[in-house]
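J.: One file is attached below, upload_2.txt, containing compact mmCIF, C-alpha atoms and all ligand atoms.
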```txt
# COMPACT_ATOMS: atom_id res chain seq x y z
CA MET A 23 -170.38 -148.10 93.24
CA THR A 24 -168.84 -151.49 93.83
CA LYS A 25 -170.73 -154.78 94.13
CA ASP A 26 -169.96 -154.88 97.86
CA GLN A 27 -171.37 -151.40 98.38
CA ARG A 28 -174.52 -152.23 96.40
CA GLU A 29 -175.11 -155.23 98.65
CA GLY A 30 -174.66 -153.07 101.72
CA LYS A 31 -171.45 -154.74 102.81
CA VAL A 32 -169.50 -152.52 105.11
CA ARG A 33 -165.84 -152.27 105.99
CA ASP A 34 -164.39 -153.38 109.29
CA GLU A 35 -160.78 -153.64 110.43
CA ASP A 36 -160.23 -156.90 108.53
CA GLY A 37 -161.44 -155.64 105.15
CA TYR A 38 -164.81 -155.96 103.48
CA THR A 39 -167.14 -158.14 105.53
CA PRO A 40 -170.87 -158.74 105.04
CA VAL A 41 -171.64 -157.13 108.40
CA CYS A 42 -174.96 -155.64 107.31
CA ARG A 43 -177.32 -155.92 104.41
CA LEU A 44 -179.59 -153.16 103.15
CA ARG A 45 -183.24 -153.74 102.34
CA PRO A 46 -186.34 -151.55 101.90
CA LEU A 47 -187.93 -150.28 105.10
CA ALA A 48 -191.13 -152.23 105.92
CA SER A 49 -194.03 -151.23 108.15
CA SER A 50 -192.88 -153.94 110.58
CA ASP A 51 -189.72 -151.82 111.13
CA PHE A 52 -191.66 -148.82 112.46
CA ASP A 53 -191.22 -149.53 116.18
CA ARG A 54 -187.51 -150.16 115.87
CA VAL A 55 -186.92 -147.08 113.71
CA LEU A 56 -188.86 -144.93 116.19
CA GLU A 57 -186.77 -146.38 119.03
CA LEU A 58 -183.59 -145.42 117.15
CA GLU A 59 -185.05 -141.98 116.38
CA ARG A 60 -185.48 -141.28 120.09
CA VAL A 61 -181.96 -142.48 120.91
CA LEU A 62 -180.35 -140.53 118.06
CA PHE A 63 -182.42 -137.34 117.87
CA GLY A 64 -183.95 -136.92 121.35
CA ALA A 65 -186.48 -134.09 121.40
CA GLY A 66 -186.28 -133.79 117.64
CA ALA A 67 -187.24 -137.43 117.02
CA TRP A 68 -190.04 -138.25 114.60
CA THR A 69 -193.24 -139.55 116.16
CA TYR A 70 -195.20 -142.51 114.80
CA GLY A 71 -197.53 -140.15 112.94
CA MET A 72 -194.66 -138.17 111.43
CA LEU A 73 -192.94 -141.33 110.23
CA ALA A 74 -196.16 -142.77 108.81
CA ASP A 75 -196.93 -139.51 106.98
CA GLU A 76 -193.38 -139.33 105.69
CA LEU A 77 -193.40 -142.84 104.28
CA ALA A 78 -196.80 -142.33 102.68
CA ALA A 79 -195.72 -139.13 100.94
CA LEU A 80 -194.86 -139.05 97.25
CA GLY A 81 -191.38 -139.85 95.99
CA ARG A 82 -189.97 -141.36 99.18
CA TRP A 83 -187.45 -144.21 99.22
CA TYR A 84 -186.28 -145.66 102.55
CA VAL A 85 -183.77 -148.39 103.34
CA VAL A 86 -182.71 -150.08 106.55
CA ALA A 87 -179.50 -151.90 107.53
CA GLU A 88 -179.62 -155.15 109.45
CA PRO A 89 -176.79 -157.40 110.63
CA THR A 90 -176.22 -160.50 108.56
CA GLY A 91 -173.83 -163.43 108.29
CA PRO A 92 -172.48 -165.91 110.85
CA ASP A 93 -171.56 -163.28 113.44
CA ALA A 94 -175.09 -161.88 113.45
CA SER A 95 -176.55 -165.35 113.93
CA VAL A 96 -174.27 -165.96 116.90
CA VAL A 97 -175.34 -162.68 118.49
CA TYR A 98 -179.04 -162.65 117.58
CA GLY A 99 -179.87 -166.30 116.82
CA PRO A 100 -181.40 -167.61 113.60
CA GLY A 101 -184.46 -165.32 113.44
CA PRO A 102 -184.89 -161.75 112.22
CA LYS A 103 -182.12 -159.35 113.17
CA PRO A 104 -182.71 -155.89 114.61
CA VAL A 105 -182.51 -152.88 112.32
CA VAL A 106 -179.29 -151.00 113.13
CA GLY A 107 -179.57 -148.16 110.65
CA TYR A 108 -182.01 -146.41 108.33
CA ALA A 109 -182.02 -143.69 105.72
CA GLY A 110 -184.50 -142.01 103.42
CA LEU A 111 -184.64 -139.99 100.23
CA TRP A 112 -187.25 -137.73 98.63
CA PHE A 113 -187.15 -137.20 94.88
CA ASP A 114 -189.33 -134.36 93.58
CA GLY A 115 -188.67 -134.96 89.89
CA ASP A 116 -185.59 -132.76 89.77
CA VAL A 117 -183.45 -132.94 92.90
CA ALA A 118 -183.27 -135.56 95.63
CA GLN A 119 -183.28 -134.67 99.32
CA VAL A 120 -181.74 -136.78 102.09
CA MET A 121 -184.54 -136.94 104.67
CA THR A 122 -182.65 -138.80 107.38
CA VAL A 123 -179.72 -141.08 108.12
CA GLY A 124 -179.33 -142.81 111.49
CA VAL A 125 -177.19 -145.62 112.87
CA ASP A 126 -177.54 -147.46 116.18
CA PRO A 127 -174.79 -146.03 118.45
CA SER A 128 -173.35 -149.51 119.06
CA TYR A 129 -172.93 -149.96 115.27
CA GLN A 130 -171.49 -146.53 114.52
CA ARG A 131 -168.02 -146.14 112.99
CA HIS A 132 -168.28 -149.44 111.10
CA GLY A 133 -169.29 -148.07 107.72
CA VAL A 134 -173.06 -148.49 108.09
CA GLY A 135 -173.78 -144.77 107.67
CA ARG A 136 -171.58 -144.61 104.58
CA ALA A 137 -173.30 -147.68 103.10
CA LEU A 138 -176.72 -146.12 103.69
CA LEU A 139 -175.70 -142.79 102.18
CA THR A 140 -174.15 -144.59 99.21
CA ALA A 141 -177.46 -146.36 98.64
CA LEU A 142 -179.36 -143.05 98.70
CA VAL A 143 -176.99 -141.39 96.24
CA SER A 144 -177.08 -144.44 94.02
CA ARG A 145 -180.88 -144.30 94.03
CA ALA A 146 -180.76 -140.57 93.20
CA ARG A 147 -178.53 -141.35 90.23
CA GLU A 148 -180.95 -144.05 89.06
CA LEU A 149 -183.75 -141.48 89.26
CA ARG A 150 -181.58 -139.10 87.21
CA ALA A 151 -181.72 -136.43 89.91
CA SER A 152 -179.59 -133.39 89.11
CA ALA A 153 -178.35 -133.11 92.70
CA VAL A 154 -178.76 -134.43 96.21
CA LEU A 155 -179.51 -131.86 98.93
CA LEU A 156 -179.61 -132.15 102.70
CA GLU A 157 -179.66 -130.19 105.94
CA VAL A 158 -177.36 -130.99 108.84
CA ARG A 159 -176.97 -129.41 112.25
CA VAL A 160 -173.96 -127.11 112.32
CA ASP A 161 -172.56 -128.91 115.39
CA ASN A 162 -173.04 -132.45 114.04
CA GLU A 163 -169.37 -133.24 113.39
CA ALA A 164 -169.95 -136.91 112.57
CA ALA A 165 -172.60 -136.24 109.94
CA LEU A 166 -170.71 -133.27 108.48
CA SER A 167 -167.66 -135.47 108.03
CA LEU A 168 -169.74 -138.29 106.52
CA TYR A 169 -171.31 -135.93 103.97
CA GLU A 170 -168.15 -134.00 103.14
CA ARG A 171 -166.20 -137.19 102.55
CA ALA A 172 -168.99 -138.23 100.21
CA GLY A 173 -168.46 -135.08 98.16
CA PHE A 174 -171.27 -132.88 99.53
CA GLU A 175 -170.48 -129.16 99.69
CA ARG A 176 -171.87 -126.55 102.08
CA ILE A 177 -174.05 -124.12 100.12
CA GLY A 178 -175.96 -122.24 102.81
CA LEU A 179 -177.02 -121.76 106.41
CA ARG A 180 -180.58 -122.07 107.72
CA ARG A 181 -180.91 -120.29 111.04
CA ARG A 182 -182.90 -122.05 113.77
CA TYR A 183 -183.85 -124.78 111.30
CA TYR A 184 -184.03 -127.50 113.95
CA GLN A 185 -186.86 -127.15 116.45
CA PRO A 186 -187.38 -127.61 119.34
CA GLU A 187 -183.57 -127.78 119.65
CA ASP A 188 -183.33 -124.25 118.13
CA LYS A 189 -180.17 -125.11 116.18
CA ASP A 190 -178.91 -123.83 112.85
CA ALA A 191 -178.39 -126.11 109.85
CA PHE A 192 -175.98 -126.12 106.97
CA THR A 193 -177.54 -126.88 103.61
CA MET A 194 -175.33 -129.21 101.60
CA ARG A 195 -175.38 -130.30 97.97
CA LEU A 196 -173.90 -133.08 95.89
CA ASP A 197 -174.00 -132.25 92.18
CA LEU A 198 -174.98 -135.22 90.01
CA SER A 199 -175.46 -133.33 86.76
CA ALA A 200 -171.88 -133.90 85.52
CA ALA A 201 -172.19 -137.67 85.96
CA ARG A 202 -175.63 -137.57 84.33
CA SER A 203 -174.60 -135.61 81.27
CA SER A 204 -171.43 -137.66 80.75
CA GLY A 205 -173.41 -140.87 81.15
CA THR A 206 -171.16 -142.19 83.89
CA GLY A 207 -174.10 -143.01 86.14
CA ASP A 208 -173.23 -145.26 89.07
CA ASP A 209 -169.62 -145.37 88.13
CA GLY A 210 -169.17 -141.64 88.65
CA PRO A 211 -167.56 -140.02 91.67
CA GLY A 212 -169.98 -141.70 94.07
CA VAL A 213 -170.08 -141.75 97.79
CA GLY A 214 -168.36 -145.03 98.37
CA ASP A 215 -165.63 -144.24 95.90
CA ALA A 216 -164.82 -141.01 97.68
CA ALA A 217 -164.21 -142.64 101.05
C1 LIG A 301 -173.80 -139.60 111.24
C2 LIG A 301 -173.97 -141.13 111.36
C3 LIG A 301 -175.16 -141.57 110.53
C4 LIG A 301 -172.70 -141.81 110.82
O1 LIG A 301 -172.92 -143.21 110.83
P1 LIG A 301 -171.71 -144.25 111.00
O2 LIG A 301 -172.22 -145.59 110.63
O3 LIG A 301 -171.07 -144.09 112.32
O4 LIG A 301 -170.69 -143.71 109.89
P2 LIG A 301 -169.53 -144.54 109.16
O5 LIG A 301 -168.94 -145.52 110.09
O6 LIG A 301 -170.07 -145.05 107.88
O7 LIG A 301 -168.46 -143.39 108.90
C5 LIG A 301 -168.34 -142.76 107.63
C6 LIG A 301 -167.61 -141.46 107.84
O8 LIG A 301 -168.41 -140.55 108.60
C7 LIG A 301 -167.55 -139.76 109.44
N1 LIG A 301 -167.85 -140.03 110.85
C8 LIG A 301 -168.71 -140.96 111.34
N2 LIG A 301 -168.76 -140.88 112.67
C9 LIG A 301 -167.92 -139.87 113.03
C10 LIG A 301 -167.56 -139.30 114.28
N3 LIG A 301 -168.06 -139.74 115.42
N4 LIG A 301 -166.69 -138.26 114.27
C11 LIG A 301 -166.17 -137.81 113.12
N5 LIG A 301 -166.46 -138.32 111.89
C12 LIG A 301 -167.33 -139.33 111.87
C13 LIG A 301 -166.14 -140.15 109.08
O9 LIG A 301 -165.70 -139.34 108.01
C14 LIG A 301 -166.33 -141.56 108.62
O10 LIG A 301 -165.30 -142.02 107.81
P3 LIG A 301 -164.05 -142.78 108.49
O11 LIG A 301 -164.62 -143.84 109.40
O12 LIG A 301 -163.31 -143.34 107.34
O13 LIG A 301 -163.30 -141.74 109.27
C15 LIG A 301 -174.12 -141.54 112.85
O14 LIG A 301 -173.11 -140.94 113.62
C16 LIG A 301 -175.47 -141.20 113.45
O15 LIG A 301 -176.44 -141.97 113.33
N6 LIG A 301 -175.56 -140.03 114.12
C17 LIG A 301 -176.81 -139.63 114.79
C18 LIG A 301 -177.90 -139.30 113.78
C19 LIG A 301 -177.48 -138.18 112.87
O16 LIG A 301 -176.91 -137.17 113.29
N7 LIG A 301 -177.80 -138.33 111.56
C20 LIG A 301 -177.49 -137.34 110.54
C21 LIG A 301 -178.59 -136.34 110.48
S1 LIG A 301 -178.22 -135.04 109.31
```
Write out the structure in this file as structure tokens.
Ligand SMILES: CC(C)(COP(=O)(O)OP(=O)(O)OC[C@H]1O[C@@H](n2cnc3c(N)ncnc32)[C@H](O)[C@@H]1OP(=O)(O)O)[C@@H](O)C(=O)NCCC(=O)NCCS
T.:
Amino acid sequence: MTKDQREGKVRDEDGYTPVCRLRPLASSDFDRVLELERVLFGAGAWTYGMLADELAALGRWYVVAEPTGPDASVVYGPGPKPVVGYAGLWFDGDVAQVMTVGVDPSYQRHGVGRALLTALVSRARELRASAVLLEVRVDNEAALSLYERAGFERIGLRRRYYQPEDKDAFTMRLDLSAARSSGTGDDGPGVGDAA
């Protein structure tokens, strides 16, 4: 993982630019995250109670992306900037599970999702997880491409996993045990390096 990736800098057409920074999700972000949930996941969006329960549960680690730098100040003024992406991980002591990744539609395709996923995988490596697992809707081409380019492999199919949408999910896995046993840690074949 490079220094730029660790700081949440994302790539645009002109090279690496500090478009967004990553920071831990705070309770003050709840309303904005729930707004993005509804936009991104529709009927399957988390409610306030679901999000609160999720964040209070053991082993969770959530980050958000917010615009930063001169461009963001021009657009949003000098105050706080709106959250444009979020992602979460659950570590159970052995494997880590990607709980969610979401990016504001107007910020998609600018590397925010990759930066968030890189942060989750990096955190899983720090926790010495043996693998990172996730579920993704079988028709979610954008997410499937994001995960596959990050090195995740399809390992199974969960029928009707997503409700109320009634859609199947692929289970995907990124093996971290090789990096762990060889001691390569963050410098192993990480998400950002694979892109
Ligand atoms: C999936 C999602 C998080 C990707 O976020 P993003 O910021 O647009 O992704 P990035 O710009 O970092 O793209 C990284 C890679 O993901 C893939 N990707 C992203 N959007 C894609 C799209 N619309 N079509 C195909 N591939 C796409 C590409 O491989 C891309 O690499 P590339 O730009 O070099 O081709 C975003 O589309 C999203 O929020 N979708 C709705 C919520 C969701 O489905 N979350 C995943 C739940 S499992």
J.: Just want the 9 Å neighbourhood of segment 107-111 of chain A, counted on all atoms listed in the file, with same-chain residues fewer than 6 positions away dropped. Output as a PyMOL selection string.
T.: chain A and resi 44+47+55+58+77+81-88+118-126+129+134-135+138-139+141-143+145-146
J.: Which residues are close to segment 179-182 of chain A, i.e. within 6 Å by all atoms listed in the file, leaving aside same-chain residues fewer than 6 positions away? Reply as an NGL selection string.
T.: :A and (188-193)
J.: Taking only C-alpha atoms and all ligand atoms into account, which residues have an atom no farther than 7 Å from ligand LIG 301 (chain A)? I'd like them as a ChimeraX atom specification.
T.: /A:62-63,122-127,129-137,157-159,162-165,167-168,171,217
J.: Rounded to one decimal place, report the atom CA of Leu196 of chain A-atom CA of Ala153 of chain A distance in Å.
T.: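 These two atoms are separated by 5.5 Å.
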J.: Using only C-alpha atoms, which of A:Phe113, A:Gly99, A:Tyr183, A:Phe52 sits nearest Ala79 of chain A?
T.: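 Under the stated criterion, the closest residue is A:Phe113.
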J.: If you measure from atom CA of Ala151 of chain A to atom CA of Asp116 of chain A, what distance in Å do you get, rounded to one decimal?
T.: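 It comes out at 5.3 Å.
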J.: When distances are computed from only C-alpha atoms, which of A:Gly173, A:Gly115, A:Gly64, A:Pro89 shows the smallest separation from Arg45 of chain A?
T.: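 For Arg45 of chain A, the nearest of the given residues is A:Pro89.
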J.: Show me, as a count of residues only, the residues that have an atom within 7 Å of Leu56 of chain A when counting only C-alpha atoms, minus same-chain residues fewer than 2 positions from it.
T.: 9
J.: Provide the atom CA of Arg43 of chain A to atom CA of Glu148 of chain A distance in Å, to one decimal place.
T.: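 Interatomic distance here is 19.7 Å.
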J.: Which is closer to Asp51 of chain A than all the others in A:Leu149, A:Pro186, A:Leu156, A:Leu73, using only C-alpha atoms?
T.: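 Residue with the minimum atom-to-atom distance to Asp51 of chain A: A:Leu73.
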J.: Which residue out of A:Asp197, A:Asp75, A:Glu187, A:Asp161 has the minimum interatomic distance to Phe174 of chain A when only C-alpha atoms are used?
T.: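 Of A:Asp197, A:Asp75, A:Glu187, A:Asp161, the one nearest Phe174 of chain A is A:Asp197, counting only C-alpha atoms.
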J.: Might I get the box with edges along x, y and z of the file that holds all atoms of segment 95-113 of chain A listed there, padded by 4 Å on every side, given as centre and edge lengths in Å to one decimal, as lines of an AutoDock Vina configuration file?
T.:
```
center_x = -180.8
center_y = -152.4
center_z = 106.7
size_x = 21.0
size_y = 38.4
size_z = 31.6
```
J.: Using all atoms listed in the file, pick whichever of A:Ala74, A:Leu155, A:Val105, A:Val97 has the shortest atom-to-atom distance to Arg195 of chain A.
T.: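 Checking each of A:Ala74, A:Leu155, A:Val105, A:Val97 against Arg195 of chain A, counting all atoms listed in the file, the winner is A:Leu155.
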